[in-house]
Each structure stands twice: as structure tokens, then as C-alpha cells.
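target30.txt follows; it contains compact mmCIF, C-alpha atoms and all ligand atoms.
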# COMPACT_ATOMS: atom_id res chain seq x y z
CA MET A 3 106.53 198.96 70.67
CA LYS A 4 104.52 200.93 73.23
CA SER A 5 106.02 201.43 76.61
CA GLU A 6 104.21 200.08 79.63
CA LEU A 7 103.96 203.66 80.87
CA ALA A 8 102.14 204.75 77.75
CA GLU A 9 99.68 201.89 78.17
CA MET A 10 99.11 202.80 81.80
CA ALA A 11 98.49 206.43 80.89
CA PHE A 12 95.86 205.35 78.42
CA ASP A 13 94.16 203.17 80.98
CA GLN A 14 94.23 205.90 83.61
CA LYS A 15 92.55 208.32 81.27
CA ARG A 16 89.82 206.10 80.01
CA ILE A 17 88.85 203.59 82.62
CA LEU A 18 87.97 204.84 86.04
CA PRO A 19 87.29 202.75 89.13
CA ASP A 20 83.69 202.12 90.14
CA ASP A 21 83.71 201.82 93.89
CA GLY A 22 82.27 205.31 94.27
CA GLU A 23 84.92 206.10 96.90
CA ALA A 24 88.13 206.07 94.92
CA PRO A 25 89.62 209.15 93.26
CA ASP A 26 88.88 209.65 89.60
CA ALA A 27 92.07 208.40 88.01
CA VAL A 28 93.25 205.22 89.67
CA PRO A 29 95.00 203.07 87.05
CA VAL A 30 93.45 199.82 85.96
CA PRO A 31 96.17 197.18 86.51
CA HIS A 32 98.16 196.51 83.40
CA ALA A 33 97.20 192.85 83.62
CA LEU A 34 93.66 193.84 82.65
CA VAL A 35 94.82 194.52 79.11
CA PRO A 36 94.12 191.08 77.78
CA HIS A 37 95.88 188.60 75.58
CA LEU A 38 93.57 188.56 72.60
CA ASP A 39 94.22 184.91 71.79
CA LYS A 40 92.78 184.01 75.19
CA THR A 41 90.03 186.63 75.31
CA ALA A 42 86.38 186.78 74.29
CA ILE A 43 85.09 190.28 73.59
CA LEU A 44 81.40 190.80 74.35
CA LEU A 45 79.88 194.15 73.45
CA ASP A 46 76.56 195.82 74.04
CA ILE A 47 75.51 198.06 71.13
CA ASP A 48 73.34 201.08 72.00
CA GLY A 49 75.03 203.41 74.44
CA THR A 50 78.21 201.29 74.36
CA LEU A 51 79.47 200.99 70.78
CA LEU A 52 77.06 203.51 69.31
CA GLU A 53 75.84 206.87 70.59
CA LEU A 54 72.21 206.99 71.67
CA MET A 55 69.90 208.68 69.17
CA PRO A 56 66.36 210.07 69.40
CA THR A 57 64.88 206.97 67.74
CA PRO A 58 66.14 203.39 67.27
CA ARG A 59 66.39 203.74 63.47
CA GLU A 60 68.70 206.75 63.61
CA VAL A 61 71.78 204.99 64.96
CA TRP A 62 74.78 204.70 62.71
CA VAL A 63 78.16 203.03 62.78
CA PRO A 64 80.92 205.66 62.97
CA PRO A 65 83.89 205.49 60.61
CA GLY A 66 86.54 203.08 61.80
CA LEU A 67 84.34 200.95 64.04
CA SER A 68 83.70 198.19 61.50
CA ASN A 69 87.40 197.99 60.79
CA THR A 70 88.18 197.75 64.52
CA LEU A 71 85.55 195.06 65.10
CA ASN A 72 86.63 193.04 62.08
CA ARG A 73 90.27 193.15 63.14
CA LEU A 74 89.30 192.10 66.66
CA VAL A 75 87.31 189.20 65.19
CA GLU A 76 90.46 188.12 63.37
CA ARG A 77 92.77 188.58 66.36
CA THR A 78 90.43 186.62 68.66
CA SER A 79 89.83 183.87 66.09
CA GLY A 80 86.18 184.87 65.99
CA ALA A 81 85.58 185.26 69.72
CA LEU A 82 83.78 188.58 69.48
CA ALA A 83 80.03 188.83 70.00
CA LEU A 84 77.51 191.62 70.15
CA VAL A 85 75.21 191.23 73.15
CA SER A 86 72.17 193.37 72.57
CA GLY A 87 68.54 194.02 73.33
CA ARG A 88 68.05 194.46 69.62
CA SER A 89 66.89 191.61 67.38
CA LEU A 90 69.51 189.89 65.23
CA ASN A 91 67.73 191.21 62.18
CA ASP A 92 68.11 194.76 63.43
CA ILE A 93 71.75 194.21 64.40
CA ASP A 94 72.51 193.00 60.89
CA LEU A 95 70.81 196.02 59.32
CA ILE A 96 72.87 198.36 61.48
CA PHE A 97 76.24 196.68 60.81
CA ALA A 98 75.60 195.59 57.19
CA PRO A 99 77.42 194.22 55.31
CA ASP A 100 79.28 192.86 58.34
CA VAL A 101 77.73 189.98 60.27
CA TYR A 102 78.85 189.20 63.80
CA ARG A 103 78.27 186.47 66.30
CA ALA A 104 75.60 187.77 68.60
CA VAL A 105 73.20 187.36 71.47
CA GLY A 106 70.08 189.30 70.44
CA GLY A 107 66.80 190.34 72.04
CA HIS A 108 68.18 190.29 75.60
CA GLY A 109 69.02 186.59 75.23
CA ALA A 110 66.04 185.59 73.09
CA GLU A 111 68.22 184.85 70.05
CA MET A 112 71.77 183.64 69.53
CA ARG A 113 74.04 183.33 66.50
CA LEU A 114 77.13 181.24 67.13
CA SER A 115 78.43 181.05 63.59
CA VAL A 116 78.67 183.70 60.92
CA ASP A 117 79.15 181.19 58.12
CA ASN A 118 75.64 179.87 57.86
CA GLU A 119 74.11 182.74 59.84
CA ALA A 120 72.02 180.13 61.67
CA ALA A 121 70.37 181.64 64.71
CA ALA A 122 68.87 179.78 67.63
CA ALA A 123 65.69 181.19 69.11
CA HIS A 124 65.23 180.89 72.85
CA ALA A 125 61.81 182.50 72.96
CA PRO A 126 58.45 181.82 71.34
CA PRO A 127 56.59 184.63 69.58
CA MET A 128 54.60 186.80 71.95
CA ASP A 129 50.88 186.05 72.15
CA LYS A 130 49.11 188.14 69.49
CA GLU A 131 46.29 189.38 71.71
CA LEU A 132 48.76 190.41 74.41
CA LYS A 133 50.83 192.22 71.84
CA ARG A 134 47.78 194.00 70.51
CA ARG A 135 46.85 195.23 73.99
CA LEU A 136 50.40 196.39 74.71
CA ALA A 137 50.71 198.09 71.34
CA ALA A 138 47.58 200.13 72.08
CA ILE A 139 49.56 201.87 74.84
CA ALA A 140 51.39 203.80 72.12
CA LYS A 141 48.15 205.72 71.58
CA LEU A 142 48.60 207.37 74.97
CA SER A 143 50.75 210.11 73.47
CA PRO A 144 52.24 211.25 70.19
CA GLY A 145 55.93 210.38 70.17
CA ILE A 146 55.63 206.91 71.71
CA LEU A 147 57.27 204.50 69.27
CA LEU A 148 56.61 200.79 69.04
CA GLU A 149 59.35 198.29 68.30
CA ASP A 150 58.05 194.80 67.61
CA LYS A 151 60.74 192.13 67.97
CA GLY A 152 58.33 189.21 67.57
CA TYR A 153 59.11 187.68 70.94
CA SER A 154 58.85 191.04 72.72
CA LEU A 155 57.48 194.52 72.32
CA ALA A 156 59.26 197.75 73.20
CA LEU A 157 57.50 201.04 73.89
CA HIS A 158 59.99 203.88 73.31
CA TYR A 159 59.22 207.24 74.92
CA ARG A 160 62.43 209.26 74.38
CA LEU A 161 60.33 211.65 72.26
CA ALA A 162 57.52 211.66 74.84
CA PRO A 163 59.27 211.51 78.24
CA HIS A 164 56.17 212.89 80.01
CA ALA A 165 54.41 209.60 79.13
CA GLU A 166 56.76 207.37 81.16
CA LYS A 167 54.53 206.97 84.21
CA ALA A 168 51.40 206.40 82.14
CA ILE A 169 53.14 203.75 80.04
CA PHE A 170 54.39 201.74 83.03
CA GLU A 171 50.99 202.04 84.74
CA ALA A 172 49.19 200.83 81.63
CA VAL A 173 51.58 197.88 81.33
CA SER A 174 51.04 197.03 85.01
CA LEU A 175 47.28 196.99 84.52
CA ILE A 176 47.60 194.54 81.62
CA ARG A 177 49.93 192.34 83.66
CA ALA A 178 47.52 192.39 86.59
CA ASP A 179 44.85 191.09 84.21
CA LEU A 180 47.13 188.23 83.15
CA PRO A 181 48.85 187.11 86.35
CA ASN A 182 49.98 183.80 84.85
CA ALA A 183 51.41 185.17 81.62
CA PRO A 184 55.14 184.31 81.48
CA ILE A 185 56.22 187.86 80.77
CA GLU A 186 58.33 190.49 82.46
CA VAL A 187 58.89 194.19 82.10
CA LEU A 188 62.35 195.41 81.26
CA PRO A 189 62.97 199.10 81.82
CA GLY A 190 65.70 200.57 79.63
CA LYS A 191 66.77 204.00 78.46
CA PHE A 192 63.46 205.76 77.70
CA VAL A 193 61.99 202.39 76.82
CA CYS A 194 59.64 199.92 78.47
CA GLU A 195 60.09 196.47 77.00
CA ILE A 196 57.73 193.57 77.65
CA LYS A 197 59.32 190.21 77.02
CA HIS A 198 58.96 186.55 77.81
CA SER A 199 60.53 185.67 81.12
CA GLY A 200 63.16 182.94 81.35
CA PHE A 201 66.01 184.50 79.43
CA THR A 202 68.27 187.50 79.90
CA LYS A 203 71.50 188.78 78.42
CA ALA A 204 73.22 186.76 81.16
CA THR A 205 71.58 183.46 80.18
CA GLY A 206 72.59 184.23 76.60
CA VAL A 207 76.20 184.96 77.55
CA ARG A 208 76.47 181.83 79.72
CA GLU A 209 75.23 179.76 76.77
CA LEU A 210 77.54 181.52 74.32
CA LEU A 211 80.58 180.84 76.49
CA LYS A 212 79.94 177.08 76.28
CA HIS A 213 80.64 177.12 72.55
CA GLU A 214 83.63 177.58 70.29
CA PRO A 215 85.32 179.94 69.72
CA PHE A 216 84.33 181.45 73.08
CA ARG A 217 84.80 178.37 75.27
CA GLY A 218 87.74 178.58 77.70
CA ARG A 219 88.50 182.21 76.98
CA ARG A 220 88.39 185.06 79.45
CA PRO A 221 85.41 187.27 78.56
CA ILE A 222 85.42 191.02 78.78
CA PHE A 223 81.96 192.54 78.64
CA ILE A 224 81.18 196.22 78.11
CA GLY A 225 77.64 197.54 78.60
CA ASP A 226 75.74 200.66 79.59
CA ASP A 227 72.24 199.80 80.68
CA VAL A 228 70.25 198.20 83.49
CA THR A 229 69.85 195.06 81.39
CA ASP A 230 73.63 194.75 81.18
CA GLU A 231 73.82 194.37 84.93
CA THR A 232 72.76 190.72 84.60
CA VAL A 233 75.97 190.17 82.63
CA PHE A 234 78.11 192.28 84.98
CA ALA A 235 76.85 190.03 87.78
CA ILE A 236 78.04 186.77 86.18
CA MET A 237 81.47 187.97 85.08
CA PRO A 238 83.18 186.86 88.32
CA ASP A 239 81.75 183.32 87.84
CA VAL A 240 83.33 183.05 84.41
CA ASN A 241 86.60 184.76 85.32
CA GLY A 242 85.49 187.71 83.22
CA LEU A 243 85.93 191.45 83.36
CA ALA A 244 83.04 193.91 83.29
CA PHE A 245 83.10 197.55 82.21
CA SER A 246 80.23 200.01 82.39
CA VAL A 247 79.67 202.99 80.12
CA GLY A 248 78.28 206.38 81.06
CA ARG A 249 77.74 205.52 84.70
CA ARG A 250 79.60 203.90 87.53
CA VAL A 251 78.31 200.52 88.56
CA ILE A 252 79.41 199.02 91.84
CA GLY A 253 81.43 195.84 91.40
CA VAL A 254 82.53 196.27 87.80
CA ASP A 255 86.18 196.44 86.83
CA GLY A 256 86.10 199.86 85.22
CA HIS A 257 84.10 202.57 83.61
CA PHE A 258 84.08 204.43 80.28
CA ASP A 259 82.53 207.87 79.99
CA ALA A 260 81.06 207.48 76.51
CA PRO A 261 80.83 205.17 73.47
CA SER A 262 83.64 207.13 71.79
CA ASP A 263 85.91 206.05 74.69
CA VAL A 264 84.86 202.42 74.21
CA ARG A 265 85.65 202.61 70.51
CA GLU A 266 89.04 204.15 71.23
CA PHE A 267 89.76 201.47 73.84
CA LEU A 268 88.90 198.71 71.37
CA ALA A 269 91.12 200.24 68.69
CA ARG A 270 93.96 200.52 71.20
CA LEU A 271 93.52 196.88 72.23
CA LEU A 272 94.69 195.92 68.77
CA ASP A 273 97.93 197.82 69.29
CA ASP A 274 98.50 197.12 72.96
CA ALA A 275 97.34 193.56 73.53
CA ARG A 276 99.67 190.68 73.07
O1 LIG B 301 71.30 196.19 74.53
P1 LIG B 301 71.55 197.31 73.58
O2 LIG B 301 72.35 196.91 72.38
O3 LIG B 301 72.14 198.51 74.23
O4 LIG B 301 70.11 197.74 73.06
C1 LIG B 301 69.20 198.35 73.98
C2 LIG B 301 68.02 198.92 73.24
O5 LIG B 301 68.57 199.80 72.25
C3 LIG B 301 67.64 200.47 71.39
O6 LIG B 301 66.96 201.46 72.12
C4 LIG B 301 67.82 202.41 72.71
O7 LIG B 301 68.61 203.06 71.70
C5 LIG B 301 67.86 203.91 70.79
C6 LIG B 301 68.85 204.44 69.75
O8 LIG B 301 69.88 205.16 70.35
C7 LIG B 301 67.19 205.02 71.58
O9 LIG B 301 66.42 205.86 70.69
C8 LIG B 301 66.28 204.40 72.65
O10 LIG B 301 65.74 205.44 73.47
C9 LIG B 301 67.06 203.44 73.53
O11 LIG B 301 66.20 202.77 74.46
C10 LIG B 301 66.72 199.46 70.74
O12 LIG B 301 65.73 200.13 70.02
C11 LIG B 301 66.11 198.48 71.72
O13 LIG B 301 65.44 197.44 71.01
C12 LIG B 301 67.22 197.82 72.54
O14 LIG B 301 66.64 196.94 73.51
MG MG B 302 73.12 199.43 75.66
Can you present the structure in this file as C-alpha cells?
Ligand SMILES: O=P(O)(O)OC[C@H]1O[C@H](O[C@H]2O[C@H](CO)[C@@H](O)[C@H](O)[C@H]2O)[C@H](O)[C@@H](O)[C@@H]1O
Ligand SMILES: [Mg+2]
Amino acid sequence: MKSELAEMAFDQKRILPDDGEAPDAVPVPHALVPHLDKTAILLDIDGTLLELMPTPREVWVPPGLSNTLNRLVERTSGALALVSGRSLNDIDLIFAPDVYRAVGGHGAEMRLSVDNEAAAAHAPPMDKELKRRLAAIAKLSPGILLEDKGYSLALHYRLAPHAEKAIFEAVSLIRADLPNAPIEVLPGKFVCEIKHSGFTKATGVRELLKHEPFRGRRPIFIGDDVTDETVFAIMPDVNGLAFSVGRRVIGVDGHFDAPSDVREFLARLLDDAR
């Protein structure tokens, strides 16, 4: 059995405080290591579980991660969900053959059961003409990639970073033309996503937590991006814990430097948690 000291040392190394003032290695209280039978594990994908890659299709699941996730699913009686900006379809392609409970498309889709793979959609398809106009923005520069999620459209510019300003300006012009369109712009990591308003990762997580096997459990959420901040913000309301990756976010419970640290933390949870 691991000593409490060993557990503390692990926590000190991997999870740093986020108040911006504190020294780099203040230990996260031991009580933060959860009891898995009372915990719901909610995980962002890109930049949290998986390293960021030049294009969305290039991501891959490192050895050991599937095993860790599947064991955590077992130990939490299924209370593990991926909470992603990606569509459920995309998530399943990435993690195939494994299928996880998930909130997809920034809250646009939700899968509560892995048995029938039924997914609830919380967003209608995006208007075709609007999508056509937005898609034309990709012509601004070679290297801009389009990702069509049906209910939203993402313009990726990691390979054309110089185009950022032009992309956001072009999107603003289209929005100004359609002041009543129920859409919003979601900036991400080298991506400008245009989606229906009315749902976020946080609305998805709130909904998820109403259902078995998540209901009544203490959620821990780990995420890296601006869109994850909506979930960080609701964690206190649901007695949850929030951890950021790659950057310090005020108000969260801790911070990981990189996805490899998140993966190591999750693997260690299996050994350390009661
Ligand atoms: O909420 P997440 O699971 O973190 O998904 C956020 C977005 O991830 C993908 O784009 C990002 O990752 C790509 C692969 O590393 C990278 O090339 C891109 O620059 C990033 O923005 C995905 O394509 C989007 O649909 C997700 O919204
Ligand atoms: Mg992410």
C-alpha cells in the first residue's frame, strides 16, 4: 500500500496551485484524491488527454490511455465522460473501438449510455446558407481547415496563424449581416468556431450530472481551453473539483503542465484512490 507521503509527493509534483501568488509546489490536500465509488470523472480531450497536433485528424491515443480510461470506467461504475468540442462521431473514431459516455460539440450532443450508443442532440443543424458563407472564409488563405460538425463549423488556422485576424473579421461581418441569427463565436486554440447559442460544455455537464451513473457523485473536471472555463465556473455549484492543463486559471483547484501529466495522474488514481 502506498504511504500517504508518497501520495503527497506525487500531488506536489504534478498539481500546482492556481492563485498566481503561491509558490510553485504547494501540495494539493490529500482529501482531493477522490474515492472513485463516489466520483465522476469528466475529461476534455484535445490538450488535456491528448497532445495537440497540427491538424484535428492527426491526434492519436497514446499507449496505456485506453486501458486507464477503461479501468476508471469500471472503478467508477461507468461515471466517466469525455467532455469535448469534438462531435461524438469524431470522438468515437479517435477512441475506437472504445466507446465512452460523452458530452460532444461543446454541449450540442450527449451520450448517457454506451450500451445502445443513443445520443441526444441539443442543437439543430446549422442553416445551410450560413454555413456556406462561413465556409468561404477558408479561401482567405491556404492552410485554413474547415471542420463541419453539422450544428457548427470550425475554421482551423494552426497552419495559417497569420490569417487569425482576417478570419475573425470576416466572421464578424457575416454576423453583422445576420443580427438575429442564434449563433455565437467560440475562440479556441488556433480555431474559430461558429455554433448555435444556447448550449455550452457547462450546460452539457449540468445535464449529464442529473443522470445515472453520474447523479450524486462528486465530479472532477480536467480541461485546457477557454471553452472549459464554463465548466470550471460551475464546479463549485456541484461540489466538484476543477483542474486546468497547460495554463493556470484563477479559481481552479489545481493545474497540470501537460496532457502526459494528466494521463499519469489518471493512472495513479487507480492505485491511490480508495
Ligand atoms: O474540447 P476539446 O476536446 O479539447 O476539443 C477542442 C477542439 O479540438 C480540436 O481542435 C484542436 O485540436 C487539434 C488537434 O490537436 C488542433 O489541430 C487544433 O488547432 C485545436 O483547435 C477539434 O478539431 C475541435 O473540433 C474541438 O472543438
Ligand atoms: Mg481541450
For this session: Measure the distance from CA of Ile93 in chain A to CA of Leu271 in chain A in Å and round it to one decimal.
Result: 23.3 Å
Problem set entry | Minimum-distance residue to Ala110 in chain A, chosen among A:Phe97, A:Phe234, A:Tyr153, A:Phe267 (using all atoms listed in the file) |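 For Ala110 in chain A, the nearest of the given residues is A:Tyr153.
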Problem set entry | Shell around Thr57 in chain A at 9 Å using all atoms listed in the file, local window under 5 positions removed, as a list in words | Leu147, His158, Arg160 and Leu161 of chain A
Exercise. Which residues form the shell of 7 Å around ligand MG 302 (chain B) when you count only C-alpha atoms and all ligand atoms, given as a list in words?
Worked result: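 Using only C-alpha atoms and all ligand atoms, everything at most 7 Å from ligand MG 302 (chain B) comes to Asp46, Ile47, Asp48, Gly49, Thr50, Ser86, Gly225, Asp226 and Asp227 of chain A.
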Problem set entry | Option closest in space to Leu38 in chain A, from A:Arg177, A:Arg219, A:Lys133, A:Arg59 [counting only C-alpha atoms] | A:Arg219
For this session: Within 10 Å of ligand LIG 301 (chain B), which residues show up when you count all atoms listed in the file? List them as a PyMOL selection string, please.
Result: chain A and resi 45-62+84-89+92-93+105-109+147-151+154-161+188-195+203+225-230
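Computed from the coordinates, the CA of Gly66 in chain A to CA of Arg249 in chain A distance equals 24.7 Å.
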For this session: Write out as a ChimeraX atom specification the residues lying within 10 Å of Asn241 in chain A, counting all atoms listed in the file and excluding same-chain residues fewer than 6 positions away.
Result: /A:218-222
Exercise. What is the CA of Lys141 in chain A-CA of Ala183 in chain A distance in Å, reported with one decimal?
Worked result: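 Between CA of Lys141 in chain A and CA of Ala183 in chain A the gap is 23.1 Å.
Shortest atom-to-atom contact with Val116 in chain A among A:Ala168, A:Ala81, A:Leu175, A:Ala140: A:Ala81, counting all atoms listed in the file.
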For this session: For each of A:Asn91, A:Ser143, A:Ser68, A:Thr202, take the minimum atom-to-atom distance to Ala125 in chain A, counting only C-alpha atoms, then give the residue where this is smallest.
Result: A:Thr202
Exercise. Which residue gives the smallest distance to Ser79 in chain A among A:Ala123, A:Leu44, A:Pro215, A:Phe258, with only C-alpha atoms counted?
Worked result: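 Looking at the shortest contact to Ser79 in chain A, the residue is A:Pro215.
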For this session: Give as a count of residues only every residue, naming chains and numbers as the document does, that has an atom within 12 Å of (52.1, 184.8, 82.8), counting all atoms listed in the file.
Result: 20
